[in-house]
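A.B. asks: I'd like to ask you about the structure that follows.
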Amino acid sequence: MFDRIWMNGKTVIITGASGGMGKGIAEKLIKEHGCRVIGIARSEEKMKKVVEELGSYSENFSYQLFDVSKEENWVKFVDYLKQNDIKPDVLINNAGILPKFDRFQNYSIEYIENAMNINFYSAVYSIHALLPLLLESPTPAIINIDSSAALMTLAGTSVYSASKAALKSLSEALREELRGKCYVGIVCPGFTKTDIFRNQEAADDKGQKYLNMVSTSCERMVKMIMNDIRSKKPLGVHGFDAAFMNYFGRLMPVQGGRLFSAVMKMSKLPMFDPIFKD
Ligand SMILES: NC(=O)c1ccc[n+]([C@@H]2O[C@H](COP(=O)([O-])OP(=O)(O)OC[C@H]3O[C@@H](n4cnc5c(N)ncnc54)[C@H](OP(=O)(O)O)[C@@H]3O)[C@@H](O)[C@H]2O)c1
């Protein structure tokens with residue numbers, strides 16, 4: 001039986017803690033494991049709401065507001081930790097964005113670079129800057145919240161999938177390089193009900209219904225992610241859509257891609273229009 005409470009009382013840094021899954025994970029770490037959590041995101045308004053919702057638990061939560069996609073912000077953050085004698089045990093790279101579903105050539109280079117910087121380079125910078133400090137902990141851990149998009153690439157998700165595939169590769173190399181020294185976990189959630197779809201043209205009822213139908217609730221996804229972390233699982237694949245993508249991505253990546261395109265076309269959802277309409 002694994003040790004289910006290895007992370008009790010740890011100091012955890014989590015990006016994207018102002019909303020969605022990051023907020024849910026932060027709350028569980030504090031309430032169920034007595035962790036001290038430092039949340040990172042950009043919106044103070046959203047962070048204040050997190051503090052308010054935590055109530056008396058908020059004494060174990062603090063936040064830093066910065067853009068995770070800029071290396072200099074991580075360097076400053078490490079200085080802040082050192083100056084305040086804060087010794088982190090766990091880093092959870094969760095902040096991310098979902099670019100609008102579209103054909104590759106319709107994205108500007110600036111848009112692509114921005115998505116890669118937030119979804120991939122943020123983890124490069126955070127791990128590079130924080131690893132020496134993490135390794136001073138008796139139980140160092142890095143958990144990267146990846147995506148089912150890293151398991152199989154669909155039309156319309158070139159940039160998102162590339163960013164998440166890069167994160168998966170980085171995590172897999174780290175898992176081996178740090179074996180025995182630091183737990184490295186990868187989580188690949190499927191569609192989850194959060195605000196991440198704000199950029200998609202799915203505001204119409206049909207699109208919303210479709211997303212709701214295929215999405216796992218945020219609460220349920222957070223529970224599954226917490227189980228992964230508790231058991232130090234190397235790779236978690238969660239949600240039925242993620243299970244499908246894992247299967248097709250491994251066993252029939254070419255035909256699988258065509259099958260998913262056919263399903264997306266048949267759905268006639270406006271959010272997929274830019275991908276398939278000529
Ligand atoms: N929801 C899904 O269906 C799904 C599926 C698979 C994987 N994922 C992955 O799961 C992770 C969490 O997604 P979610 O659905 O919880 O998203 P979400 O509800 O949109 O929350 C994203 C969080 O990231 C923060 N963030 C975004 N860009 C940032 C930046 N440049 N600097 C600092 N913080 C930033 C946001 O805070 P601020 O706005 O305050 O900066 C927010 O706290 C992401 O990596 C996502 O790719 C999501």
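By convention here, the chains of the structure tokens are called A, B, ... in the order presented, each chain's residues are numbered starting at 1, and ligands are numbered starting at 1 in the order presented.
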Check which residues of chain A sit at most 6 Å from ligand 1 using only C-alpha atoms and all ligand atoms, and return one row each with the closest pair of atoms and their distance in Å to one decimal, ordered by chain and rising number, as a tab-separated table.

C.D. replies:
```
residue	atom	partner	partner_atom_place_in_ligand_line	distance
A:Gly16	CA	ligand 1	43 (O)	3.3
A:Ala17	CA	ligand 1	43 (O)	4.7
A:Ser18	CA	ligand 1	43 (O)	3.8
A:Gly19	CA	ligand 1	43 (O)	4.1
A:Gly20	CA	ligand 1	16 (O)	3.4
A:Met21	CA	ligand 1	16 (O)	3.9
A:Gly22	CA	ligand 1	16 (O)	5.6
A:Ala41	CA	ligand 1	34 (N)	3.6
A:Arg42	CA	ligand 1	41 (O)	3.6
A:Ser43	CA	ligand 1	40 (O)	3.7
A:Phe66	CA	ligand 1	33 (C)	5.7
A:Asp67	CA	ligand 1	32 (N)	3.5
A:Val68	CA	ligand 1	32 (N)	4.0
A:Ser69	CA	ligand 1	31 (N)	5.3
A:Asn94	CA	ligand 1	45 (O)	4.6
A:Ala95	CA	ligand 1	24 (O)	3.5
A:Gly96	CA	ligand 1	45 (O)	3.5
A:Ile97	CA	ligand 1	47 (O)	5.4
A:Ile118	CA	ligand 1	31 (N)	5.2
A:Ile145	CA	ligand 1	45 (O)	5.5
A:Asp146	CA	ligand 1	7 (C)	5.6
A:Ser147	CA	ligand 1	7 (C)	3.9
A:Ser148	CA	ligand 1	6 (C)	5.9
A:Pro189	CA	ligand 1	6 (C)	4.4
A:Gly190	CA	ligand 1	5 (C)	4.7
A:Phe191	CA	ligand 1	3 (O)	3.4
A:Thr192	CA	ligand 1	3 (O)	3.7
A:Lys193	CA	ligand 1	1 (N)	5.7
A:Thr194	CA	ligand 1	19 (O)	4.6
A:Asp195	CA	ligand 1	19 (O)	4.3
A:Ile196	CA	ligand 1	20 (O)	3.6
```

A.B. asks: Which residues are close to Arg230 of chain A, i.e. within 8 Å by only C-alpha atoms, leaving aside same-chain residues fewer than 2 positions away? Reply as a list of chain:residue names.

C.D. replies: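 The residues satisfying every condition are A:Asp3, A:Arg4, A:Ile5, A:Trp6, A:Met7, A:Met226, A:Asn227, A:Asp228, A:Lys232, A:Lys233.
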
A.B. asks: Would you save the residues of that selection, restricted to N, CA and C atoms, as a PDB file, in the first residue's frame?

C.D. replies:
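Written out: out.pdb:
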```pdb
ATOM      1  N   ASP A   3       2.070   5.189   0.453  1.00  0.00           N
ATOM      2  CA  ASP A   3       1.874   6.155   1.524  1.00  0.00           C
ATOM      3  C   ASP A   3       0.952   7.256   1.021  1.00  0.00           C
ATOM      4  N   ARG A   4      -0.301   7.289   1.495  1.00  0.00           N
ATOM      5  CA  ARG A   4      -1.284   8.226   0.948  1.00  0.00           C
ATOM      6  C   ARG A   4      -1.104   9.637   1.484  1.00  0.00           C
ATOM      7  N   ILE A   5      -0.261   9.798   2.462  1.00  0.00           N
ATOM      8  CA  ILE A   5      -0.201  11.127   3.076  1.00  0.00           C
ATOM      9  C   ILE A   5       1.181  11.776   2.961  1.00  0.00           C
ATOM     10  N   TRP A   6       1.938  11.396   1.939  1.00  0.00           N
ATOM     11  CA  TRP A   6       3.288  11.939   1.836  1.00  0.00           C
ATOM     12  C   TRP A   6       3.278  13.468   1.741  1.00  0.00           C
ATOM     13  N   MET A   7       2.205  14.049   1.179  1.00  0.00           N
ATOM     14  CA  MET A   7       2.242  15.504   0.988  1.00  0.00           C
ATOM     15  C   MET A   7       1.584  16.302   2.118  1.00  0.00           C
ATOM     16  N   MET A 226      -5.972  14.596  -7.574  1.00  0.00           N
ATOM     17  CA  MET A 226      -5.483  14.462  -6.199  1.00  0.00           C
ATOM     18  C   MET A 226      -5.096  13.006  -5.908  1.00  0.00           C
ATOM     19  N   ASN A 227      -5.887  12.069  -6.415  1.00  0.00           N
ATOM     20  CA  ASN A 227      -5.536  10.654  -6.215  1.00  0.00           C
ATOM     21  C   ASN A 227      -4.200  10.330  -6.869  1.00  0.00           C
ATOM     22  N   ASP A 228      -3.973  10.899  -8.068  1.00  0.00           N
ATOM     23  CA  ASP A 228      -2.682  10.684  -8.755  1.00  0.00           C
ATOM     24  C   ASP A 228      -1.536  11.183  -7.885  1.00  0.00           C
ATOM     25  N   LYS A 232       1.498   9.200  -6.031  1.00  0.00           N
ATOM     26  CA  LYS A 232       2.701   9.476  -6.840  1.00  0.00           C
ATOM     27  C   LYS A 232       2.642   8.737  -8.179  1.00  0.00           C
ATOM     28  N   LYS A 233       1.490   8.817  -8.829  1.00  0.00           N
ATOM     29  CA  LYS A 233       1.310   8.145 -10.117  1.00  0.00           C
ATOM     30  C   LYS A 233       2.161   8.848 -11.180  1.00  0.00           C
TER      31      LYS A 233
END
```

A.B. asks: Measuring atom to atom with only C-alpha atoms, identify which of A:Lys265, A:Lys46, A:Arg36, A:Gln83 is nearest to Ser58 of chain A.

C.D. replies: A:Arg36

A.B. asks: Please provide the set of residues having any atom within 10 Å of Lys31 of chain A, restricted to only C-alpha atoms, with same-chain residues fewer than 5 positions apart removed, written as a ChimeraX atom specification.

C.D. replies: /A:25-26,36,54,57-58,60

A.B. asks: Go ahead and write the selection's residues with N, CA and C atoms as a PDB file, in the first residue's frame.

C.D. replies:
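Final file, out06.pdb:
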```pdb
ATOM      1  N   ILE A  25      -7.476  22.202  -6.887  1.00  0.00           N
ATOM      2  CA  ILE A  25      -6.351  21.437  -6.321  1.00  0.00           C
ATOM      3  C   ILE A  25      -5.807  22.171  -5.085  1.00  0.00           C
ATOM      4  N   ALA A  26      -5.669  23.493  -5.209  1.00  0.00           N
ATOM      5  CA  ALA A  26      -5.154  24.291  -4.079  1.00  0.00           C
ATOM      6  C   ALA A  26      -6.054  24.099  -2.852  1.00  0.00           C
ATOM      7  N   ARG A  36       0.677  24.290   2.940  1.00  0.00           N
ATOM      8  CA  ARG A  36       0.761  25.739   2.748  1.00  0.00           C
ATOM      9  C   ARG A  36       0.894  25.930   1.243  1.00  0.00           C
ATOM     10  N   LEU A  54     -11.925  30.421   0.841  1.00  0.00           N
ATOM     11  CA  LEU A  54     -11.189  29.530   1.755  1.00  0.00           C
ATOM     12  C   LEU A  54     -11.546  29.800   3.215  1.00  0.00           C
ATOM     13  N   TYR A  57      -9.435  28.766   6.325  1.00  0.00           N
ATOM     14  CA  TYR A  57      -8.292  28.034   5.757  1.00  0.00           C
ATOM     15  C   TYR A  57      -7.322  28.968   5.021  1.00  0.00           C
ATOM     16  N   SER A  58      -7.763  30.210   4.774  1.00  0.00           N
ATOM     17  CA  SER A  58      -6.955  31.106   3.934  1.00  0.00           C
ATOM     18  C   SER A  58      -5.604  31.453   4.573  1.00  0.00           C
ATOM     19  N   ASN A  60      -3.465  29.466   5.258  1.00  0.00           N
ATOM     20  CA  ASN A  60      -2.482  28.581   4.607  1.00  0.00           C
ATOM     21  C   ASN A  60      -2.327  28.872   3.119  1.00  0.00           C
TER      22      ASN A  60
END
```

A.B. asks: Applying 8 Å and only C-alpha atoms, which residues near segment 160-169 of chain A remain after dropping the ones on its own chain fewer than 3 positions away? List them as a count of residues only.

C.D. replies: 20

A.B. asks: I need the residues in segment 35-190 of chain A that are alpha helix (DSSP H) according to DSSP; give them as JSON, numbers by chain.

C.D. replies: {"A": [44, 45, 46, 47, 48, 49, 50, 51, 52, 53, 54, 71, 72, 73, 74, 75, 76, 77, 78, 79, 80, 81, 82, 83, 109, 110, 111, 112, 113, 114, 115, 116, 122, 123, 124, 125, 126, 127, 128, 129, 130, 131, 132, 133, 134, 158, 159, 160, 161, 162, 163, 164, 165, 166, 167, 168, 169, 170, 171, 172, 173, 174, 175, 176, 177]}

A.B. asks: Have a look at A:Glu71, A:Glu177, A:Asp89, A:Asp273 and name the one nearest to Ser137 of chain A; count only C-alpha atoms.

C.D. replies: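 Residue with the minimum atom-to-atom distance to Ser137 of chain A: A:Asp89.
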
A.B. asks: Go through A:Lys87, A:His33, A:Arg220, A:Arg103 and flag the residue nearest Leu131 of chain A, using only C-alpha atoms for the distances.

C.D. replies: A:Lys87

A.B. asks: Would you please work out which residue, of A:Lys268, A:Arg250, A:Lys277, A:His238, is nearest to Asp102 of chain A when using only C-alpha atoms?

C.D. replies: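 With only C-alpha atoms as the atom set, the closest residue is A:Lys277.
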
A.B. asks: Report the residues of segment 80-228 of chain A whose backbone DSSP state falls under strand (DSSP E or B), written as a list in words.

C.D. replies: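 Answer for segment 80-228 of chain A restricted to strand (DSSP E or B) is Val90, Leu91, Ile92, Asn93, Ala141, Ile142, Ile143, Asn144, Ile145, Tyr183, Val184, Gly185, Ile186, Val187, Cys188, Pro189, Thr192 and Thr216 of chain A.
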